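Participant: Dropping the structure in here first, questions after.
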Amino acid sequence: MARRMLWLSLVVAIALVAFWAGREATVTPSDPLIESRPVAYEIIEGTVGRSFRFTARAEWLLSPVGRNSGVGTVTSVGITGVADVEPGEVLYSIDLRPVVAAEGPIPMFRALAARSEGPDVAQVQSLLDTLGFYDGTTDGVYGPAMQRSVKAWQESLGVEADGVVRRGDVVFFPELPSRLILSEDIEVGAPLMGGERAVLALSAAPKFTVTLGLDQRDLVPLAADATVEHSEGIWTAKVASATETPFGELELELTGLNGEQLCRDECELVPVGDVSLYETEIVVTPPQTGPVVPIAAIVTDPAGRSFVTELDGETREVVVLAAASGLAVVSGVEAGDVLILPFGGSS
């Protein structure tokens, strides 16, 4: 009997709930018989902000800066991986003959010997001067003093000291020292015919990008701050530029907060040759702490000023400092103040 009474009580309760729900569902907001009941809200102190997490791609950019002019077989390599190359440093060897780095805008296009003249001769004179073999005038004329210097340099390299600088003996670069890496064409045993892209220059810093899909591109302001997580901590960053891809996506490039390299003096943590992925948080609304009110409690007049309504019906002007997810931090009120929200239930 007790179980039956309990079951009957549940049925009655469910019926009453169903009646109430049906009544609420059939009443429209415009029904004049429905009286809005105001809702009171006590302001609290809190923090409002908004951010999204993405995956950033980091990649060192490589650009060809030196072509091989020699013909033969690569018999050794002088640099492995990324290296800070100085003038006179051996890059690789062809048929056991060293190929060295030198600075100059003109590529090595001919063999140089006695009575050669030209700016390419001057570039070799500058190399010999840097290495301590030549103390004459850098005049672009291959005279006796330069010939003696070339022979001394050749002896130091362990090749025949005949005074002839062959086409393939030197690779000129726009600037040295530079961070360089040998191309895939330069490996021991590889045949070379001349003209190969032999040496690549590493960019000053890796490029960090975040790609936003078609449904994400409007989420992030184009001047947002960000944090990039790496193996030893975080790098602070900002969105520096945005480029639209052929597929309609938006590629954001990240830099340091003041436009400097994002990875500062820790760029060695980013591997060369591969694309590295880093968890990244982009701040849409910077965190702001203060009195928190629902955005629905704020009304705006035609002049653009914002107001809230206090418990006694008086309005108070406020300034919205931050807003996200239906909440806002404002000035003009204090924690503990009570507001009236412009919505409520029915009586």
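For the structure tokens, the naming scheme is as follows: chains receive sequential letters (A, B, ...) according to their order of presentation, residues are indexed from 1 within each chain, and ligands are indexed from 1 in presentation order.
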Leaving out region 239-242 of chain A and any residue of its chain fewer than 4 positions from it, which residues lie within 12 Å of it when counting only C-alpha atoms, given as a PyMOL selection string?

Facilitator: chain A and resi 56+207-212+217-218+220-228+248-262+280-284

Participant: Please produce a file of those selected residues containing N, CA and C atoms, as a CSV table (one decimal), in the first residue's frame.

Facilitator:
```csv
chain,number,residue,atom,x,y,z
A,56,ALA,N,51.3,26.3,-33.2
A,56,ALA,CA,52.2,27.1,-34.0
A,56,ALA,C,53.2,26.3,-34.7
A,207,LYS,N,60.8,31.1,-38.4
A,207,LYS,CA,59.5,31.8,-38.6
A,207,LYS,C,58.4,31.0,-37.9
A,208,PHE,N,57.7,31.7,-37.1
A,208,PHE,CA,56.6,31.1,-36.3
A,208,PHE,C,55.2,31.5,-36.9
A,209,THR,N,54.4,30.6,-37.3
A,209,THR,CA,53.1,30.9,-37.9
A,209,THR,C,52.0,30.0,-37.2
A,210,VAL,N,50.8,30.6,-37.2
A,210,VAL,CA,49.6,29.9,-36.8
A,210,VAL,C,48.6,30.1,-37.9
A,211,THR,N,48.0,29.0,-38.4
A,211,THR,CA,47.0,29.0,-39.4
A,211,THR,C,45.6,28.9,-38.9
A,212,LEU,N,44.8,29.8,-39.3
A,212,LEU,CA,43.4,29.9,-38.8
A,212,LEU,C,42.5,29.4,-40.0
A,217,ARG,N,39.0,32.4,-38.5
A,217,ARG,CA,39.8,33.5,-38.9
A,217,ARG,C,39.3,34.8,-38.3
A,218,ASP,N,38.0,34.8,-37.9
A,218,ASP,CA,37.4,36.1,-37.3
A,218,ASP,C,37.5,36.1,-35.8
A,220,VAL,N,40.4,35.9,-33.9
A,220,VAL,CA,41.6,36.5,-33.4
A,220,VAL,C,41.9,37.9,-33.9
A,221,PRO,N,42.0,38.9,-33.1
A,221,PRO,CA,42.4,40.2,-33.5
A,221,PRO,C,43.8,40.2,-34.1
A,222,LEU,N,44.1,41.0,-35.1
A,222,LEU,CA,45.3,41.0,-35.8
A,222,LEU,C,46.5,41.7,-35.0
A,223,ALA,N,46.2,42.1,-33.7
A,223,ALA,CA,47.3,42.6,-32.9
A,223,ALA,C,47.3,41.9,-31.6
A,224,ALA,N,46.9,40.7,-31.5
A,224,ALA,CA,46.8,40.0,-30.3
A,224,ALA,C,48.1,39.5,-29.7
A,225,ASP,N,48.2,39.4,-28.4
A,225,ASP,CA,49.4,38.9,-27.7
A,225,ASP,C,49.3,37.4,-27.7
A,226,ALA,N,50.4,36.7,-27.5
A,226,ALA,CA,50.3,35.2,-27.4
A,226,ALA,C,51.5,34.7,-26.6
A,227,THR,N,51.4,33.5,-26.2
A,227,THR,CA,52.5,32.8,-25.5
A,227,THR,C,52.7,31.5,-26.2
A,228,VAL,N,54.0,31.1,-26.4
A,228,VAL,CA,54.4,29.9,-27.1
A,228,VAL,C,55.1,29.0,-26.2
A,248,GLY,N,41.8,30.3,-48.6
A,248,GLY,CA,40.9,31.2,-47.7
A,248,GLY,C,41.3,31.2,-46.3
A,249,GLU,N,42.3,30.4,-45.9
A,249,GLU,CA,42.7,30.4,-44.5
A,249,GLU,C,43.6,31.6,-44.2
A,250,LEU,N,43.8,31.9,-42.9
A,250,LEU,CA,44.6,33.1,-42.6
A,250,LEU,C,45.8,32.6,-41.8
A,251,GLU,N,47.0,33.0,-42.3
A,251,GLU,CA,48.2,32.6,-41.7
A,251,GLU,C,48.8,33.8,-40.9
A,252,LEU,N,48.9,33.6,-39.6
A,252,LEU,CA,49.4,34.6,-38.7
A,252,LEU,C,50.8,34.4,-38.5
A,253,GLU,N,51.6,35.4,-38.6
A,253,GLU,CA,53.1,35.3,-38.3
A,253,GLU,C,53.3,36.0,-36.9
A,254,LEU,N,54.0,35.2,-36.0
A,254,LEU,CA,54.2,35.7,-34.7
A,254,LEU,C,55.7,36.2,-34.5
A,255,THR,N,55.8,37.3,-33.8
A,255,THR,CA,57.2,37.8,-33.5
A,255,THR,C,57.2,38.0,-32.0
A,256,GLY,N,58.4,38.5,-31.5
A,256,GLY,CA,58.5,39.0,-30.1
A,256,GLY,C,57.6,40.2,-29.9
A,257,LEU,N,57.3,40.5,-28.6
A,257,LEU,CA,56.4,41.6,-28.3
A,257,LEU,C,56.8,42.9,-28.9
A,258,ASN,N,58.1,43.1,-29.1
A,258,ASN,CA,58.6,44.4,-29.6
A,258,ASN,C,59.2,44.2,-31.0
A,259,GLY,N,58.7,43.2,-31.7
A,259,GLY,CA,59.2,42.9,-33.1
A,259,GLY,C,60.5,42.2,-33.2
A,260,GLU,N,61.1,41.8,-32.0
A,260,GLU,CA,62.3,41.0,-32.1
A,260,GLU,C,62.1,39.6,-32.4
A,261,GLN,N,63.1,38.8,-32.5
A,261,GLN,CA,63.0,37.4,-32.7
A,261,GLN,C,62.1,36.8,-31.6
A,262,LEU,N,61.2,36.0,-32.0
A,262,LEU,CA,60.3,35.4,-31.0
A,262,LEU,C,61.1,34.5,-29.9
A,280,THR,N,50.3,27.0,-28.5
A,280,THR,CA,50.3,28.4,-28.5
A,280,THR,C,49.0,28.9,-28.0
A,281,GLU,N,49.0,29.9,-27.1
A,281,GLU,CA,47.8,30.5,-26.6
A,281,GLU,C,47.7,32.0,-27.1
A,282,ILE,N,46.7,32.3,-27.8
A,282,ILE,CA,46.5,33.7,-28.3
A,282,ILE,C,45.4,34.4,-27.5
A,283,VAL,N,45.8,35.5,-27.0
A,283,VAL,CA,44.9,36.2,-26.1
A,283,VAL,C,43.9,37.1,-26.9
A,284,VAL,N,42.6,36.8,-26.9
A,284,VAL,CA,41.6,37.6,-27.6
A,284,VAL,C,41.2,38.8,-26.7
```

Participant: So that I can see what lies close to Ala335 (chain A), please list as an MDAnalysis selection string the residues with an atom at most 6 Å from it, counting only C-alpha atoms and leaving out residues fewer than 3 positions away in the same chain.

Facilitator: chainID A and resid 43:45 291

Participant: Given the selection you just returned, output its residues as a file containing N, CA and C atoms, formatted as a CSV table (one decimal), in the first residue's frame.

Facilitator:
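Result file follows (again-v8.csv):
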```csv
chain,number,residue,atom,x,y,z
A,43,ILE,N,27.1,42.2,-7.2
A,43,ILE,CA,28.3,42.3,-7.9
A,43,ILE,C,29.5,41.6,-7.1
A,44,ILE,N,30.3,40.9,-7.9
A,44,ILE,CA,31.4,40.2,-7.3
A,44,ILE,C,32.7,40.7,-7.9
A,45,GLU,N,33.8,40.5,-7.2
A,45,GLU,CA,35.1,40.8,-7.8
A,45,GLU,C,35.6,39.6,-8.5
A,291,PRO,N,35.2,44.6,-10.6
A,291,PRO,CA,33.8,44.2,-10.5
A,291,PRO,C,33.2,43.6,-11.7
```

Participant: Just want the 7 Å neighbourhood of Arg67 (chain A), counted on only C-alpha atoms, with same-chain residues fewer than 4 positions away dropped. Output as JSON, numbers by chain.

Facilitator: {"A": [171, 195, 196, 197, 198, 199]}

Participant: Take the selection from the previous step and output its residues with N, CA and C atoms, as an mmCIF file, in the first residue's frame.

Facilitator:
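Printed below is out-v6.cif as written:
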```cif
data_model
loop_
_atom_site.group_PDB
_atom_site.id
_atom_site.type_symbol
_atom_site.label_atom_id
_atom_site.label_comp_id
_atom_site.auth_asym_id
_atom_site.auth_seq_id
_atom_site.Cartn_x
_atom_site.Cartn_y
_atom_site.Cartn_z
ATOM 1 N N VAL A 171 84.152 29.670 -53.152
ATOM 2 C CA VAL A 171 82.733 30.048 -53.271
ATOM 3 C C VAL A 171 82.575 31.387 -52.562
ATOM 4 N N GLY A 195 77.730 24.378 -61.082
ATOM 5 C CA GLY A 195 76.438 25.070 -61.126
ATOM 6 C C GLY A 195 75.460 24.627 -60.051
ATOM 7 N N GLU A 196 75.804 23.598 -59.275
ATOM 8 C CA GLU A 196 74.889 23.127 -58.238
ATOM 9 C C GLU A 196 74.743 24.162 -57.120
ATOM 10 N N ARG A 197 73.557 24.210 -56.528
ATOM 11 C CA ARG A 197 73.376 25.006 -55.317
ATOM 12 C C ARG A 197 74.071 24.284 -54.178
ATOM 13 N N ALA A 198 75.221 24.789 -53.810
ATOM 14 C CA ALA A 198 76.065 24.068 -52.870
ATOM 15 C C ALA A 198 75.810 24.445 -51.425
ATOM 16 N N VAL A 199 75.531 25.731 -51.173
ATOM 17 C CA VAL A 199 75.463 26.218 -49.799
ATOM 18 C C VAL A 199 74.188 27.051 -49.620
#
```

Participant: Could you list, as a PyMOL selection string, every residue within 12 Å of Val65 (chain A), counting only C-alpha atoms and ignoring same-chain residues fewer than 2 positions away?

Facilitator: chain A and resi 62-63+67-68+101-107+171-176+178-183+196-203

Participant: Between CA of Val74 (chain A) and CA of Met193 (chain A), measure the distance and give it in Å to one decimal.

Facilitator: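 If I compute the distance from CA of Val74 (chain A) to CA of Met193 (chain A), I get 10.8 Å.
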
Participant: Counting only C-alpha atoms, figure out which residue out of A:Glu314, A:Asp169, A:Glu42, A:Glu59 gets nearest to Ile94 (chain A).

Facilitator: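 Ranking A:Glu314, A:Asp169, A:Glu42, A:Glu59 by distance to Ile94 (chain A), first place goes to A:Asp169.
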
Participant: What residues in region 3-209 of chain A get the DSSP label helix (DSSP H, G or I)? Please answer as a ChimeraX atom specification.

Facilitator: /A:3-26,119-131,144-157,167-169

Participant: The selected residues should be written to file as a compact mmCIF listing (two decimals), in the first residue's frame (atoms: N, CA and C atoms).

Facilitator:
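The file below, again_8.txt, is the result:
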```txt
# COMPACT_ATOMS: atom_id res chain seq x y z
N ARG A 3 3.92 1.50 -1.15
CA ARG A 3 4.58 1.64 -2.44
C ARG A 3 3.62 2.23 -3.45
N ARG A 4 2.32 1.84 -3.38
CA ARG A 4 1.35 2.36 -4.33
C ARG A 4 1.13 3.85 -4.09
N MET A 5 1.05 4.27 -2.80
CA MET A 5 0.86 5.68 -2.50
C MET A 5 2.05 6.50 -3.00
N LEU A 6 3.27 5.94 -2.86
CA LEU A 6 4.45 6.64 -3.35
C LEU A 6 4.39 6.81 -4.85
N TRP A 7 3.98 5.74 -5.54
CA TRP A 7 3.89 5.79 -7.02
C TRP A 7 2.84 6.80 -7.44
N LEU A 8 1.69 6.83 -6.71
CA LEU A 8 0.67 7.81 -7.03
C LEU A 8 1.15 9.23 -6.80
N SER A 9 1.91 9.42 -5.74
CA SER A 9 2.46 10.75 -5.46
C SER A 9 3.40 11.22 -6.58
N LEU A 10 4.21 10.29 -7.10
CA LEU A 10 5.10 10.63 -8.19
C LEU A 10 4.32 11.00 -9.44
N VAL A 11 3.27 10.27 -9.73
CA VAL A 11 2.44 10.56 -10.89
C VAL A 11 1.84 11.96 -10.77
N VAL A 12 1.31 12.27 -9.57
CA VAL A 12 0.73 13.60 -9.36
C VAL A 12 1.78 14.69 -9.53
N ALA A 13 2.97 14.46 -8.97
CA ALA A 13 4.04 15.45 -9.10
C ALA A 13 4.43 15.66 -10.55
N ILE A 14 4.56 14.58 -11.30
CA ILE A 14 4.93 14.68 -12.71
C ILE A 14 3.84 15.41 -13.47
N ALA A 15 2.59 15.13 -13.15
CA ALA A 15 1.48 15.80 -13.82
C ALA A 15 1.50 17.29 -13.55
N LEU A 16 1.78 17.67 -12.29
CA LEU A 16 1.83 19.10 -11.97
C LEU A 16 2.96 19.78 -12.72
N VAL A 17 4.13 19.12 -12.80
CA VAL A 17 5.25 19.70 -13.56
C VAL A 17 4.91 19.83 -15.02
N ALA A 18 4.26 18.83 -15.57
CA ALA A 18 3.87 18.87 -16.98
C ALA A 18 2.88 19.99 -17.23
N PHE A 19 1.92 20.19 -16.28
CA PHE A 19 0.94 21.27 -16.42
C PHE A 19 1.64 22.62 -16.42
N TRP A 20 2.58 22.79 -15.49
CA TRP A 20 3.31 24.06 -15.40
C TRP A 20 4.14 24.33 -16.66
N ALA A 21 4.84 23.28 -17.12
CA ALA A 21 5.68 23.44 -18.31
C ALA A 21 4.83 23.77 -19.53
N GLY A 22 3.68 23.11 -19.64
CA GLY A 22 2.80 23.38 -20.76
C GLY A 22 2.28 24.80 -20.70
N ARG A 23 1.93 25.26 -19.51
CA ARG A 23 1.41 26.62 -19.36
C ARG A 23 2.48 27.63 -19.74
N GLU A 24 3.74 27.41 -19.29
CA GLU A 24 4.82 28.32 -19.62
C GLU A 24 5.10 28.34 -21.12
N ALA A 25 4.99 27.14 -21.74
CA ALA A 25 5.31 27.03 -23.17
C ALA A 25 4.27 27.71 -24.03
N THR A 26 3.01 27.78 -23.56
CA THR A 26 1.95 28.36 -24.38
C THR A 26 1.80 29.85 -24.17
N PRO A 119 87.41 42.81 -60.52
CA PRO A 119 86.89 42.83 -59.14
C PRO A 119 86.94 41.46 -58.47
N ASP A 120 86.89 40.38 -59.25
CA ASP A 120 87.00 39.06 -58.64
C ASP A 120 88.41 38.84 -58.09
N VAL A 121 89.41 39.41 -58.76
CA VAL A 121 90.78 39.35 -58.25
C VAL A 121 90.87 40.09 -56.93
N ALA A 122 90.20 41.25 -56.86
CA ALA A 122 90.20 42.03 -55.62
C ALA A 122 89.55 41.25 -54.47
N GLN A 123 88.55 40.46 -54.78
CA GLN A 123 87.89 39.67 -53.74
C GLN A 123 88.84 38.61 -53.18
N VAL A 124 89.64 38.00 -54.06
CA VAL A 124 90.62 37.01 -53.59
C VAL A 124 91.72 37.71 -52.80
N GLN A 125 92.14 38.89 -53.24
CA GLN A 125 93.14 39.66 -52.46
C GLN A 125 92.62 39.94 -51.05
N SER A 126 91.34 40.31 -50.95
CA SER A 126 90.74 40.59 -49.64
C SER A 126 90.74 39.34 -48.77
N LEU A 127 90.45 38.18 -49.38
CA LEU A 127 90.49 36.92 -48.63
C LEU A 127 91.90 36.65 -48.11
N LEU A 128 92.89 36.80 -48.99
CA LEU A 128 94.27 36.53 -48.59
C LEU A 128 94.73 37.49 -47.50
N ASP A 129 94.26 38.74 -47.59
CA ASP A 129 94.61 39.72 -46.57
C ASP A 129 94.00 39.32 -45.22
N THR A 130 92.74 38.88 -45.24
CA THR A 130 92.06 38.45 -44.00
C THR A 130 92.79 37.28 -43.37
N LEU A 131 93.30 36.38 -44.20
CA LEU A 131 93.98 35.18 -43.70
C LEU A 131 95.44 35.44 -43.34
N PRO A 144 103.01 40.04 -58.81
CA PRO A 144 103.95 39.12 -58.15
C PRO A 144 103.67 38.95 -56.65
N ALA A 145 103.30 40.05 -55.97
CA ALA A 145 103.03 39.94 -54.53
C ALA A 145 101.83 39.03 -54.27
N MET A 146 100.83 39.17 -55.11
CA MET A 146 99.66 38.32 -54.94
C MET A 146 100.00 36.87 -55.27
N GLN A 147 100.82 36.66 -56.28
CA GLN A 147 101.19 35.29 -56.65
C GLN A 147 101.90 34.60 -55.50
N ARG A 148 102.82 35.31 -54.84
CA ARG A 148 103.51 34.71 -53.69
C ARG A 148 102.49 34.37 -52.58
N SER A 149 101.53 35.26 -52.39
CA SER A 149 100.52 35.03 -51.35
C SER A 149 99.65 33.82 -51.68
N VAL A 150 99.26 33.69 -52.94
CA VAL A 150 98.44 32.56 -53.35
C VAL A 150 99.19 31.25 -53.13
N LYS A 151 100.47 31.23 -53.48
CA LYS A 151 101.25 30.00 -53.30
C LYS A 151 101.37 29.62 -51.82
N ALA A 152 101.58 30.64 -50.95
CA ALA A 152 101.65 30.35 -49.51
C ALA A 152 100.32 29.82 -49.00
N TRP A 153 99.24 30.39 -49.49
CA TRP A 153 97.89 29.93 -49.09
C TRP A 153 97.67 28.50 -49.56
N GLN A 154 98.06 28.19 -50.80
CA GLN A 154 97.88 26.84 -51.33
C GLN A 154 98.68 25.81 -50.52
N GLU A 155 99.88 26.19 -50.11
CA GLU A 155 100.69 25.28 -49.29
C GLU A 155 99.97 24.98 -47.96
N SER A 156 99.34 26.01 -47.40
CA SER A 156 98.63 25.79 -46.12
C SER A 156 97.43 24.86 -46.29
N LEU A 157 96.90 24.80 -47.51
CA LEU A 157 95.75 23.92 -47.78
C LEU A 157 96.19 22.52 -48.18
N ARG A 167 88.64 27.84 -60.75
CA ARG A 167 87.23 28.24 -60.64
C ARG A 167 86.56 27.61 -59.44
N GLY A 168 86.86 26.34 -59.21
CA GLY A 168 86.17 25.62 -58.14
C GLY A 168 86.81 25.74 -56.78
N ASP A 169 87.88 26.56 -56.67
CA ASP A 169 88.60 26.65 -55.39
C ASP A 169 87.88 27.51 -54.36
```

Participant: Could you please write out, as a ChimeraX atom specification, every residue of region 52-206 of chain A that DSSP assigns to strand (DSSP E or B)?

Facilitator: /A:52-59,62-67,72-77,83-85,90-94,97-103,112,117,141,165,170-173,178-182,191-192,197-202

Participant: How far is it from CA of Val164 (chain A) to CA of Ala113 (chain A), in Å with one decimal?

Facilitator: 4.9 Å

Participant: Please provide the set of residues having any atom within 10 Å of Gly189 (chain A), restricted to only C-alpha atoms, with same-chain residues fewer than 3 positions apart removed, written as a PyMOL selection string.

Facilitator: chain A and resi 72-76+94-95+186+192

Participant: Quick one: residues within 12 Å of Thr300 (chain A), only C-alpha atoms, excluding same-chain residues fewer than 3 positions away - as a compact mmCIF listing (two decimals) with C-alpha atoms, in the first residue's frame?

Facilitator:
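Output file out17.txt follows:
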```txt
# COMPACT_ATOMS: atom_id res chain seq x y z
CA ILE A 295 26.64 41.81 -19.94
CA ALA A 296 22.82 41.57 -19.94
CA ALA A 297 22.76 44.03 -17.01
CA ALA A 303 25.45 58.45 -27.12
CA GLY A 304 27.29 55.18 -26.48
CA ARG A 305 27.39 55.48 -22.69
CA SER A 306 26.81 52.35 -20.61
CA PHE A 307 24.55 52.11 -17.56
CA VAL A 308 23.41 49.56 -14.98
CA THR A 309 20.29 49.74 -12.79
CA THR A 315 20.88 54.07 -12.96
CA ARG A 316 24.62 54.35 -12.68
CA GLU A 317 27.06 54.97 -15.52
CA VAL A 318 29.82 52.38 -15.93
CA VAL A 319 32.79 51.85 -18.23
CA VAL A 320 33.31 48.38 -19.67
```

Participant: List the neighbours of region 272-275 of chain A out to 8 Å using only C-alpha atoms; skip same-chain residues closer than 3 positions along the sequence, and give me the result as a list in words.

Facilitator: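 Counting only C-alpha atoms, the residues come to Arg57, Ala58, Glu59, Trp60 and Val82 of chain A.
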
Participant: Would you please work out which residue, of A:Thr137, A:Ser93, A:Ser331, A:Thr285, is nearest to Gly158 (chain A) when using only C-alpha atoms?

Facilitator: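 Distance minimum relative to Gly158 (chain A) lands on A:Ser93.
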